[in-house]
>>> print(open('final-v3.pdb').read())   # PDB, C-alpha atoms
ATOM      1  CA  MET A   1     -33.566   3.867 -37.748
ATOM      2  CA  ASN A   2     -29.935   4.775 -38.326
ATOM      3  CA  LYS A   3     -27.575   3.930 -35.521
ATOM      4  CA  LEU A   4     -25.306   6.558 -34.020
ATOM      5  CA  GLN A   5     -21.886   5.889 -35.518
ATOM      6  CA  ILE A   6     -18.991   6.202 -33.072
ATOM      7  CA  LEU A   7     -15.303   6.044 -33.961
ATOM      8  CA  VAL A   8     -13.064   4.785 -31.149
ATOM      9  CA  ILE A   9      -9.303   5.344 -31.229
ATOM     10  CA  CYS A  10      -7.192   3.471 -28.701
ATOM     11  CA  ARG A  11      -3.619   2.182 -28.841
ATOM     12  CA  HIS A  12      -4.332  -0.797 -26.591
ATOM     13  CA  VAL A  13      -5.857  -3.466 -28.827
ATOM     14  CA  GLU A  14      -7.637  -5.412 -26.094
ATOM     15  CA  ILE A  15      -9.067  -2.312 -24.433
ATOM     16  CA  LEU A  16     -10.180  -1.060 -27.850
ATOM     17  CA  ALA A  17     -12.038  -4.340 -28.398
ATOM     18  CA  THR A  18     -13.699  -3.981 -24.999
ATOM     19  CA  ILE A  19     -14.842  -0.415 -25.696
ATOM     20  CA  VAL A  20     -16.224  -1.375 -29.123
ATOM     21  CA  ARG A  21     -18.039  -4.369 -27.652
ATOM     22  CA  LEU A  22     -19.589  -2.302 -24.857
ATOM     23  CA  ILE A  23     -20.749   0.459 -27.202
ATOM     24  CA  ASN A  24     -22.333  -2.131 -29.471
ATOM     25  CA  THR A  25     -24.391  -3.497 -26.578
ATOM     26  CA  ASN A  26     -26.513  -0.379 -27.105
ATOM     27  CA  ASP A  27     -28.649  -1.225 -30.130
ATOM     28  CA  GLN A  28     -28.872   2.481 -31.030
ATOM     29  CA  TRP A  29     -25.097   2.788 -31.392
ATOM     30  CA  SER A  30     -22.458   1.273 -33.658
ATOM     31  CA  ALA A  31     -18.729   1.480 -32.962
ATOM     32  CA  THR A  32     -15.760   1.295 -35.292
ATOM     33  CA  GLY A  33     -12.311   0.823 -33.765
ATOM     34  CA  ALA A  34      -8.922   2.143 -34.879
ATOM     35  CA  VAL A  35      -5.540   1.622 -33.264
ATOM     36  CA  THR A  36      -3.504   4.018 -35.409
ATOM     37  CA  ASP A  37      -4.130   7.629 -36.376
ATOM     38  CA  GLU A  38      -3.799   6.656 -40.027
ATOM     39  CA  ASP A  39      -6.587   4.082 -39.750
ATOM     40  CA  ALA A  40      -8.726   6.535 -37.789
ATOM     41  CA  LEU A  41      -8.308   9.315 -40.339
ATOM     42  CA  ALA A  42      -9.006   6.945 -43.228
ATOM     43  CA  ALA A  43     -12.209   5.759 -41.544
ATOM     44  CA  PHE A  44     -13.276   9.323 -40.783
ATOM     45  CA  GLU A  45     -12.618  10.531 -44.319
ATOM     46  CA  GLN A  46     -14.700   7.666 -45.666
ATOM     47  CA  SER A  47     -17.534   8.279 -43.205
ATOM     48  CA  PRO A  48     -17.442  11.443 -41.051
ATOM     49  CA  PHE A  49     -18.505  10.098 -37.663
ATOM     50  CA  PRO A  50     -20.638  12.373 -35.451
ATOM     51  CA  VAL A  51     -18.841  11.088 -32.339
ATOM     52  CA  VAL A  52     -15.182  10.187 -31.801
ATOM     53  CA  LEU A  53     -13.928   8.637 -28.576
ATOM     54  CA  LEU A  54     -10.238   9.120 -27.755
ATOM     55  CA  GLY A  55      -9.010   6.175 -25.705
ATOM     56  CA  ASN A  56      -5.669   5.520 -24.107
ATOM     57  CA  GLY A  57      -2.112   5.808 -25.366
ATOM     58  CA  ILE A  58      -2.659   8.807 -27.655
ATOM     59  CA  ASP A  59      -0.269  11.594 -26.731
ATOM     60  CA  SER A  60      -1.666  15.088 -26.333
ATOM     61  CA  ALA A  61      -0.080  16.429 -29.555
ATOM     62  CA  ASP A  62      -1.723  13.634 -31.550
ATOM     63  CA  GLU A  63      -5.038  14.238 -29.761
ATOM     64  CA  THR A  64      -4.921  17.903 -30.768
ATOM     65  CA  LYS A  65      -3.978  17.088 -34.343
ATOM     66  CA  LEU A  66      -6.678  14.439 -34.676
ATOM     67  CA  THR A  67      -9.326  16.724 -33.205
ATOM     68  CA  GLN A  68      -8.398  19.574 -35.552
ATOM     69  CA  THR A  69      -8.475  17.268 -38.567
ATOM     70  CA  PHE A  70     -11.838  15.760 -37.609
ATOM     71  CA  LYS A  71     -13.344  19.227 -37.072
ATOM     72  CA  SER A  72     -12.025  20.430 -40.433
ATOM     73  CA  ILE A  73     -13.924  17.586 -42.074
ATOM     74  CA  ARG A  74     -17.021  17.723 -39.873
ATOM     75  CA  ALA A  75     -17.379  20.874 -37.774
ATOM     76  CA  ASP A  76     -20.022  19.472 -35.409
ATOM     77  CA  VAL A  77     -18.127  16.283 -34.537
ATOM     78  CA  LYS A  78     -18.080  15.571 -30.816
ATOM     79  CA  VAL A  79     -14.631  14.417 -29.695
ATOM     80  CA  ILE A  80     -14.675  12.802 -26.265
ATOM     81  CA  PRO A  81     -11.633  11.895 -24.174
ATOM     82  CA  HIS A  82     -12.519   8.517 -22.711
ATOM     83  CA  TYR A  83     -11.375   7.595 -19.212
ATOM     84  CA  GLY A  84     -11.440   4.241 -17.539
ATOM     85  CA  GLY A  85     -10.956   1.833 -20.445
ATOM     86  CA  GLY A  86     -14.322   0.477 -21.484
ATOM     87  CA  SER A  87     -15.636   1.145 -18.054
ATOM     88  CA  GLY A  88     -18.751   2.218 -16.231
ATOM     89  CA  LEU A  89     -18.097   5.761 -17.424
ATOM     90  CA  LEU A  90     -18.494   5.005 -21.119
ATOM     91  CA  PHE A  91     -22.236   5.454 -21.559
ATOM     92  CA  ALA A  92     -22.392   8.608 -19.430
ATOM     93  CA  GLU A  93     -19.515  10.137 -21.417
ATOM     94  CA  ILE A  94     -21.410   9.578 -24.660
ATOM     95  CA  TYR A  95     -24.733  10.817 -23.251
ATOM     96  CA  GLU A  96     -23.041  13.961 -21.950
ATOM     97  CA  ALA A  97     -21.377  14.650 -25.310
ATOM     98  CA  LEU A  98     -24.653  14.167 -27.154
ATOM     99  CA  ALA A  99     -26.305  16.615 -24.751
ATOM    100  CA  GLY A 100     -23.587  19.149 -25.550
ATOM    101  CA  ARG A 101     -22.108  19.170 -22.053
TER
ATOM    102  CA  MET B 102     -19.305  31.747   1.276
ATOM    103  CA  ALA B 103     -18.937  28.025   0.812
ATOM    104  CA  ASN B 104     -20.888  26.160  -1.817
ATOM    105  CA  THR B 105     -22.368  22.821  -0.822
ATOM    106  CA  ILE B 106     -24.303  19.906  -2.238
ATOM    107  CA  LEU B 107     -26.113  17.170  -0.342
ATOM    108  CA  HIS B 108     -26.615  13.662  -1.720
ATOM    109  CA  LYS B 109     -28.872  11.668   0.578
ATOM    110  CA  ALA B 110     -28.121   7.945   0.621
ATOM    111  CA  ALA B 111     -31.519   6.988  -0.796
ATOM    112  CA  THR B 112     -30.996   9.176  -3.884
ATOM    113  CA  ARG B 113     -27.986   7.199  -5.099
ATOM    114  CA  GLY B 114     -28.145   5.039  -8.211
ATOM    115  CA  HIS B 115     -28.646   1.347  -7.523
ATOM    116  CA  ALA B 116     -27.725  -1.742  -9.505
ATOM    117  CA  ASN B 117     -28.372  -5.239  -8.207
ATOM    118  CA  HIS B 118     -26.621  -7.778 -10.404
ATOM    119  CA  GLY B 119     -27.367 -10.665  -8.045
ATOM    120  CA  TRP B 120     -23.772 -11.359  -7.051
ATOM    121  CA  LEU B 121     -23.034  -7.617  -6.862
ATOM    122  CA  ASN B 122     -25.200  -5.059  -5.120
ATOM    123  CA  SER B 123     -23.915  -1.578  -5.860
ATOM    124  CA  TYR B 124     -24.975   1.920  -4.902
ATOM    125  CA  HIS B 125     -23.604   4.681  -7.116
ATOM    126  CA  SER B 126     -23.139   8.182  -5.727
ATOM    127  CA  PHE B 127     -22.401   9.317  -9.290
ATOM    128  CA  SER B 128     -23.382   8.160 -12.784
ATOM    129  CA  PHE B 129     -21.922   4.741 -13.481
ATOM    130  CA  GLY B 130     -22.776   1.851 -15.784
ATOM    131  CA  SER B 131     -26.444   1.949 -16.682
ATOM    132  CA  TYR B 132     -27.129   4.605 -14.018
ATOM    133  CA  TYR B 133     -26.994   7.991 -15.723
ATOM    134  CA  ASN B 134     -27.993  11.192 -13.976
ATOM    135  CA  PRO B 135     -26.638  14.381 -15.562
ATOM    136  CA  GLU B 136     -26.823  16.047 -12.157
ATOM    137  CA  ARG B 137     -24.548  13.373 -10.713
ATOM    138  CA  MET B 138     -21.470  13.350 -12.917
ATOM    139  CA  GLY B 139     -18.978  13.510 -10.100
ATOM    140  CA  PHE B 140     -17.544  16.044  -7.707
ATOM    141  CA  GLY B 141     -14.553  17.798  -9.232
ATOM    142  CA  ALA B 142     -11.913  15.178 -10.000
ATOM    143  CA  LEU B 143     -13.870  12.588  -7.993
ATOM    144  CA  ARG B 144     -15.813  10.682 -10.626
ATOM    145  CA  VAL B 145     -16.917   7.388  -9.066
ATOM    146  CA  LEU B 146     -17.997   6.442  -5.569
ATOM    147  CA  ASN B 147     -19.500   2.976  -5.592
ATOM    148  CA  ASP B 148     -20.659   1.284  -2.411
ATOM    149  CA  ASP B 149     -20.348  -2.382  -3.385
ATOM    150  CA  THR B 150     -21.381  -5.647  -1.762
ATOM    151  CA  VAL B 151     -20.043  -8.837  -3.369
ATOM    152  CA  ASP B 152     -21.597 -12.198  -2.570
ATOM    153  CA  ALA B 153     -19.542 -15.051  -1.137
ATOM    154  CA  GLY B 154     -17.466 -16.822  -3.788
ATOM    155  CA  MET B 155     -18.190 -14.173  -6.431
ATOM    156  CA  GLY B 156     -16.326 -11.238  -7.913
ATOM    157  CA  PHE B 157     -15.250  -9.101 -10.828
ATOM    158  CA  GLY B 158     -13.621 -11.195 -13.570
ATOM    159  CA  LYS B 159     -10.599 -10.024 -15.510
ATOM    160  CA  HIS B 160     -11.371  -6.646 -17.099
ATOM    161  CA  PRO B 161      -9.399  -3.627 -18.313
ATOM    162  CA  HIS B 162      -9.005  -0.049 -17.162
ATOM    163  CA  ASP B 163      -7.029   2.932 -18.374
ATOM    164  CA  ASN B 164      -6.407   6.546 -17.402
ATOM    165  CA  MET B 165      -8.009   6.490 -13.983
ATOM    166  CA  GLU B 166      -6.812   6.460 -10.390
ATOM    167  CA  ILE B 167      -8.764   3.637  -8.749
ATOM    168  CA  ILE B 168      -8.924   3.333  -4.979
ATOM    169  CA  SER B 169     -10.561   0.476  -3.097
ATOM    170  CA  ILE B 170     -11.332   0.564   0.596
ATOM    171  CA  PRO B 171     -12.626  -2.740   2.037
ATOM    172  CA  LEU B 172     -15.210  -2.293   4.780
ATOM    173  CA  GLU B 173     -16.018  -5.931   5.521
ATOM    174  CA  GLY B 174     -14.516  -9.235   4.338
ATOM    175  CA  ASP B 175     -11.527  -9.996   2.108
ATOM    176  CA  LEU B 176     -11.065  -9.394  -1.613
ATOM    177  CA  GLU B 177      -8.438 -11.156  -3.723
ATOM    178  CA  HIS B 178      -6.729  -8.981  -6.314
ATOM    179  CA  LYS B 179      -4.874 -10.195  -9.424
ATOM    180  CA  ASP B 180      -3.593  -8.000 -12.236
ATOM    181  CA  SER B 181      -1.638  -7.935 -15.478
ATOM    182  CA  MET B 182       1.468  -6.685 -13.629
ATOM    183  CA  ASN B 183       1.599 -10.040 -11.808
ATOM    184  CA  ASN B 184       0.361  -8.624  -8.531
ATOM    185  CA  VAL B 185      -1.587 -11.116  -6.438
ATOM    186  CA  ALA B 186      -2.812  -9.864  -3.091
ATOM    187  CA  VAL B 187      -5.673  -9.940  -0.632
ATOM    188  CA  ILE B 188      -7.130  -6.702   0.661
ATOM    189  CA  LYS B 189      -9.136  -6.669   3.870
ATOM    190  CA  ASN B 190     -10.803  -4.247   6.217
ATOM    191  CA  GLY B 191      -8.129  -1.787   7.323
ATOM    192  CA  ASP B 192      -6.288  -1.882   3.998
ATOM    193  CA  ILE B 193      -6.405   0.581   1.132
ATOM    194  CA  GLN B 194      -5.593  -0.374  -2.449
ATOM    195  CA  VAL B 195      -4.654   1.944  -5.306
ATOM    196  CA  MET B 196      -4.203   1.391  -9.029
ATOM    197  CA  SER B 197      -3.040   3.976 -11.532
ATOM    198  CA  ALA B 198      -4.541   2.487 -14.679
ATOM    199  CA  GLY B 199      -2.596   4.810 -17.020
ATOM    200  CA  THR B 200      -1.860   3.211 -20.381
ATOM    201  CA  GLY B 201      -3.825   0.105 -19.462
ATOM    202  CA  ILE B 202      -4.162  -2.590 -16.860
ATOM    203  CA  TYR B 203      -6.194  -5.789 -16.456
ATOM    204  CA  HIS B 204      -7.354  -6.961 -13.085
ATOM    205  CA  SER B 205      -9.802  -9.159 -11.244
ATOM    206  CA  GLU B 206     -11.220  -8.792  -7.744
ATOM    207  CA  TYR B 207     -12.760 -11.850  -6.099
ATOM    208  CA  ASN B 208     -14.359 -12.686  -2.815
ATOM    209  CA  ASN B 209     -12.896 -16.129  -2.250
ATOM    210  CA  ASP B 210     -14.693 -16.674   1.028
ATOM    211  CA  ARG B 211     -17.494 -19.238   0.625
ATOM    212  CA  ASP B 212     -19.575 -17.872   3.468
ATOM    213  CA  LYS B 213     -19.008 -14.170   3.921
ATOM    214  CA  ARG B 214     -19.903 -11.257   1.691
ATOM    215  CA  VAL B 215     -17.451  -8.451   0.993
ATOM    216  CA  LYS B 216     -18.312  -4.775   1.288
ATOM    217  CA  PHE B 217     -15.995  -2.172  -0.146
ATOM    218  CA  LEU B 218     -15.856   1.324  -1.559
ATOM    219  CA  GLN B 219     -14.692   1.667  -5.134
ATOM    220  CA  ILE B 220     -13.497   5.213  -5.809
ATOM    221  CA  TRP B 221     -12.253   6.626  -9.114
ATOM    222  CA  VAL B 222     -10.410   9.919  -9.409
ATOM    223  CA  TYR B 223      -9.479  11.516 -12.722
ATOM    224  CA  PRO B 224      -5.676  11.566 -13.072
ATOM    225  CA  ASN B 225      -3.847  14.862 -13.541
ATOM    226  CA  GLN B 226      -2.031  13.357 -16.518
ATOM    227  CA  ARG B 227      -3.082  10.782 -19.084
ATOM    228  CA  ASN B 228      -1.156   7.691 -20.135
ATOM    229  CA  VAL B 229       1.057   7.277 -17.075
ATOM    230  CA  THR B 230       2.832   3.963 -16.417
ATOM    231  CA  PRO B 231       0.394   1.628 -14.646
ATOM    232  CA  ARG B 232       1.114   0.927 -11.002
ATOM    233  CA  TYR B 233      -0.415  -0.956  -8.075
ATOM    234  CA  ASP B 234      -0.032  -0.542  -4.353
ATOM    235  CA  GLN B 235      -1.786  -1.499  -1.161
ATOM    236  CA  ILE B 236      -1.045  -0.771   2.458
ATOM    237  CA  THR B 237      -2.433  -1.819   5.814
ATOM    238  CA  LEU B 238      -3.577   1.025   8.004
ATOM    239  CA  ASP B 239      -3.689   1.126  11.778
ATOM    240  CA  ILE B 240      -7.408   1.572  12.491
ATOM    241  CA  ASN B 241      -6.558   3.053  15.911
ATOM    242  CA  ASP B 242      -4.982   6.033  14.163
ATOM    243  CA  ARG B 243      -8.406   7.293  13.090
ATOM    244  CA  HIS B 244     -10.090   7.089  16.501
ATOM    245  CA  ASN B 245     -11.237  10.616  17.344
ATOM    246  CA  LYS B 246      -8.802  12.087  14.822
ATOM    247  CA  LEU B 247      -8.371  12.206  11.074
ATOM    248  CA  GLN B 248      -6.147   9.573   9.491
ATOM    249  CA  GLN B 249      -4.666  10.508   6.120
ATOM    250  CA  VAL B 250      -4.919   7.468   3.837
ATOM    251  CA  LEU B 251      -4.115   9.031   0.444
ATOM    252  CA  SER B 252      -2.204  11.996  -0.936
ATOM    253  CA  PRO B 253      -0.363  13.094  -4.117
ATOM    254  CA  ASN B 254       3.004  12.436  -2.452
ATOM    255  CA  ALA B 255       4.798   9.089  -2.409
ATOM    256  CA  ASP B 256       6.602   9.981   0.826
ATOM    257  CA  ASP B 257       3.476  11.119   2.685
ATOM    258  CA  ALA B 258       1.086   9.051   4.831
ATOM    259  CA  GLY B 259      -1.117   6.526   3.039
ATOM    260  CA  VAL B 260      -1.070   5.597  -0.629
ATOM    261  CA  TRP B 261      -0.469   8.146  -3.385
ATOM    262  CA  ILE B 262      -2.116   8.922  -6.713
ATOM    263  CA  HIS B 263      -1.559  11.089  -9.783
ATOM    264  CA  GLN B 264      -3.823  13.880  -8.564
ATOM    265  CA  ASN B 265      -3.792  16.682  -6.003
ATOM    266  CA  ALA B 266      -6.149  14.755  -3.750
ATOM    267  CA  TRP B 267      -6.098  13.913  -0.060
ATOM    268  CA  PHE B 268      -8.312  11.314   1.623
ATOM    269  CA  ASN B 269      -8.851  11.020   5.365
ATOM    270  CA  LEU B 270     -10.773   8.475   7.407
ATOM    271  CA  GLY B 271     -12.249   9.219  10.814
ATOM    272  CA  LYS B 272     -13.878   7.110  13.489
ATOM    273  CA  PHE B 273     -15.252   9.548  16.031
ATOM    274  CA  ASP B 274     -17.051   9.011  19.295
ATOM    275  CA  LYS B 275     -20.259  10.959  19.830
ATOM    276  CA  GLY B 276     -19.499  14.588  20.630
ATOM    277  CA  VAL B 277     -16.027  14.689  19.077
ATOM    278  CA  SER B 278     -15.390  17.324  16.452
ATOM    279  CA  THR B 279     -12.485  18.651  14.433
ATOM    280  CA  GLU B 280     -11.693  21.200  11.791
ATOM    281  CA  TYR B 281     -10.634  20.149   8.315
ATOM    282  CA  ASN B 282      -8.359  22.520   6.405
ATOM    283  CA  MET B 283      -8.082  22.204   2.641
ATOM    284  CA  HIS B 284      -4.581  21.464   1.413
ATOM    285  CA  LEU B 285      -4.957  23.479  -1.789
ATOM    286  CA  LYS B 286      -6.931  26.573  -2.691
ATOM    287  CA  GLY B 287      -9.533  25.606  -5.278
ATOM    288  CA  ASN B 288      -9.981  22.119  -3.887
ATOM    289  CA  GLY B 289     -13.298  20.889  -2.541
ATOM    290  CA  ALA B 290     -14.127  18.037  -0.185
ATOM    291  CA  TYR B 291     -16.692  15.281  -0.514
ATOM    292  CA  ILE B 292     -17.639  13.656   2.772
ATOM    293  CA  PHE B 293     -19.156  10.160   2.747
ATOM    294  CA  VAL B 294     -20.601   8.830   5.993
ATOM    295  CA  LEU B 295     -19.871   5.136   6.503
ATOM    296  CA  ASN B 296     -22.075   4.903   9.564
ATOM    297  CA  GLY B 297     -23.590   7.139  12.192
ATOM    298  CA  ASP B 298     -24.570  10.808  12.079
ATOM    299  CA  VAL B 299     -22.193  13.689  11.558
ATOM    300  CA  LYS B 300     -22.562  17.412  11.057
ATOM    301  CA  ILE B 301     -20.511  19.288   8.489
ATOM    302  CA  ASN B 302     -20.778  22.866   9.732
ATOM    303  CA  ASP B 303     -24.591  23.000  10.203
ATOM    304  CA  GLN B 304     -25.547  20.196   7.801
ATOM    305  CA  LEU B 305     -26.584  16.917   9.390
ATOM    306  CA  LEU B 306     -25.594  13.758   7.520
ATOM    307  CA  ASN B 307     -26.706  10.201   8.169
ATOM    308  CA  THR B 308     -25.268   6.823   7.216
ATOM    309  CA  ARG B 309     -24.197   6.638   3.543
ATOM    310  CA  ASP B 310     -25.083  10.274   2.855
ATOM    311  CA  GLY B 311     -22.626  12.270   0.754
ATOM    312  CA  PHE B 312     -21.910  15.976   1.060
ATOM    313  CA  GLY B 313     -19.731  18.179  -1.107
ATOM    314  CA  ILE B 314     -18.294  21.492   0.050
ATOM    315  CA  TRP B 315     -16.116  23.905  -1.916
ATOM    316  CA  ASP B 316     -15.154  27.578  -2.189
ATOM    317  CA  THR B 317     -13.977  27.423   1.393
ATOM    318  CA  ASP B 318     -10.652  26.897   3.138
ATOM    319  CA  LYS B 319     -12.013  24.818   5.991
ATOM    320  CA  PHE B 320     -15.051  23.241   7.610
ATOM    321  CA  THR B 321     -15.976  21.577  10.874
ATOM    322  CA  ILE B 322     -16.960  17.949  11.178
ATOM    323  CA  ALA B 323     -18.724  16.844  14.357
ATOM    324  CA  ALA B 324     -19.963  13.394  15.357
ATOM    325  CA  GLU B 325     -23.604  13.524  16.486
ATOM    326  CA  THR B 326     -23.412   9.791  17.257
ATOM    327  CA  ASP B 327     -20.488   7.378  17.159
ATOM    328  CA  ALA B 328     -19.613   7.675  13.483
ATOM    329  CA  GLU B 329     -17.184   6.685  10.742
ATOM    330  CA  PHE B 330     -16.623   8.777   7.642
ATOM    331  CA  LEU B 331     -14.356   9.384   4.677
ATOM    332  CA  ILE B 332     -13.260  12.857   3.536
ATOM    333  CA  MET B 333     -12.107  13.097  -0.095
ATOM    334  CA  GLU B 334     -10.428  16.390  -0.991
ATOM    335  CA  VAL B 335     -10.077  16.830  -4.740
ATOM    336  CA  PRO B 336      -9.500  19.594  -7.296
ATOM    337  CA  MET B 337     -12.787  21.134  -8.455
TER
END
>>> encode(input="final-v3.pdb", output="structure tokens")
Amino acid sequence: MNKLQILVICRHVEILATIVRLINTNDQWSATGAVTDEDALAAFEQSPFPVVLLGNGIDSADETKLTQTFKSIRADVKVIPHYGGGSGLLFAEIYEALAGR
Amino acid sequence: MANTILHKAATRGHANHGWLNSYHSFSFGSYYNPERMGFGALRVLNDDTVDAGMGFGKHPHDNMEIISIPLEGDLEHKDSMNNVAVIKNGDIQVMSAGTGIYHSEYNNDRDKRVKFLQIWVYPNQRNVTPRYDQITLDINDRHNKLQQVLSPNADDAGVWIHQNAWFNLGKFDKGVSTEYNMHLKGNGAYIFVLNGDVKINDQLLNTRDGFGIWDTDKFTIAAETDAEFLIMEVPM
């Protein structure tokens, strides 16, 4: 069975590592991390992820630009603003996005 | 006409990690209930008990206003901004996680457990500069009256956060009642009973019940027994 591929963008390297590690504890999910927008866009162009998690440090203009670019490549991508930093909210945020809420 | 929602104590999520026994009013960790995703900007209300000598190791947070209210015992706090402090019953601690913060919270007592409320409120802006604060409250100031312990204003009573939220604690004798007036139109209030029985308007609440009320400017809270409770007013 294919795992759900999730792209995580976060400016804080250690928090990014935590989020990726936590997502990967779910054996149905697989996370790829990116610190910069350039790395994120390159990863997305190579493999259009169904889910993108926006972590901390990304200013709102960049969030808008990234979201627009992702949607132009894959219209049904779910872009989730993540709060808490690899926290107890992470799984619920992903479940809610997958349920379309 | 006010809208309301009742969360009985027994319907909360529960996670027993051995050293940590936690009841979740809203989805958290492995507890996921789509009907319990928070109350407005209030996202997490965890009722935690930490065993003696145990605690939360160093871990990160970002973009969340995190409030801790100790109910029993002492908790040692350390963070990446070089804050080292002990919070105890009567204190309130706040962290604006913003662009990122690491912290640990330990119960250093070898004999006594720690009970505390862990509350997370969505910030009204992302990526703020991280900050930490704690204050000691005078418990007598909540006897038969509401004691404001949190607001959006640095120069107001209690701690402050990046959100249009107000928290009040009350410790009422049986028969005492008061009216709570919302600070902002569009805000709602979530009442969590620490112990005893209270009535919010006509709704009876027991220990550890939660009750949300919104689309109203005010409500009445009455102690049916000696009771302690927390009122969290947040944007909806």
>>> interface_residues(input="final-v3.pdb", of="chain A", to="chain B", cutoff="8 Å", atoms="only C-alpha atoms", output="list of chain:residue names")
A:His12, A:Ile15, A:Thr18, A:Asn56, A:Gly57, A:Ile58, A:Asp59, A:Tyr83, A:Gly84, A:Gly85, A:Gly86, A:Ser87, A:Gly88, A:Leu89, A:Leu90, A:Phe91, A:Ala92, A:Glu96
>>> axis_aligned_box(input="final-v3.pdb", around="stretch 184-197 of chain B", padding_each_side="4 Å", output="AutoDock Vina command-line options")
--center_x -5.2 --center_y -3.6 --center_z -2.1 --size_x 19.2 --size_y 23.1 --size_z 26.9
>>> atom_distance(input="final-v3.pdb", atom1="atom CA of B:Ala103", atom2="atom CA of B:Met283")
12.5 Å
>>> resolve_selection(input="final-v3.pdb", expression="the PyMOL selection byres ((chain A and resi 63) around 12)", output="NGL selection string")
(:A and (9-10 or 36-37 or 40 or 52-62 or 64-70 or 79-82)) or (:B and (227))
>>> resolve_selection(input="final-v3.pdb", expression="the PyMOL selection byres ((chain B and resi 238) around 12)", output="VMD selection string")
chain B and resid 170 to 171 188 to 194 235 to 237 239 to 243 248 to 251 258 to 260 269 to 270
>>> atom_distance(input="final-v3.pdb", atom1="atom CA of B:Asp298", atom2="atom CA of B:Ile322")
10.5 Å
>>> residues_near_point(input="final-v3.pdb", point="(-19.4, 8.7, 20.3)", cutoff="12 Å", atoms="all atoms listed in the file", output="PyMOL selection string")
chain B and resi 244-245+271-278+296-299+323-329
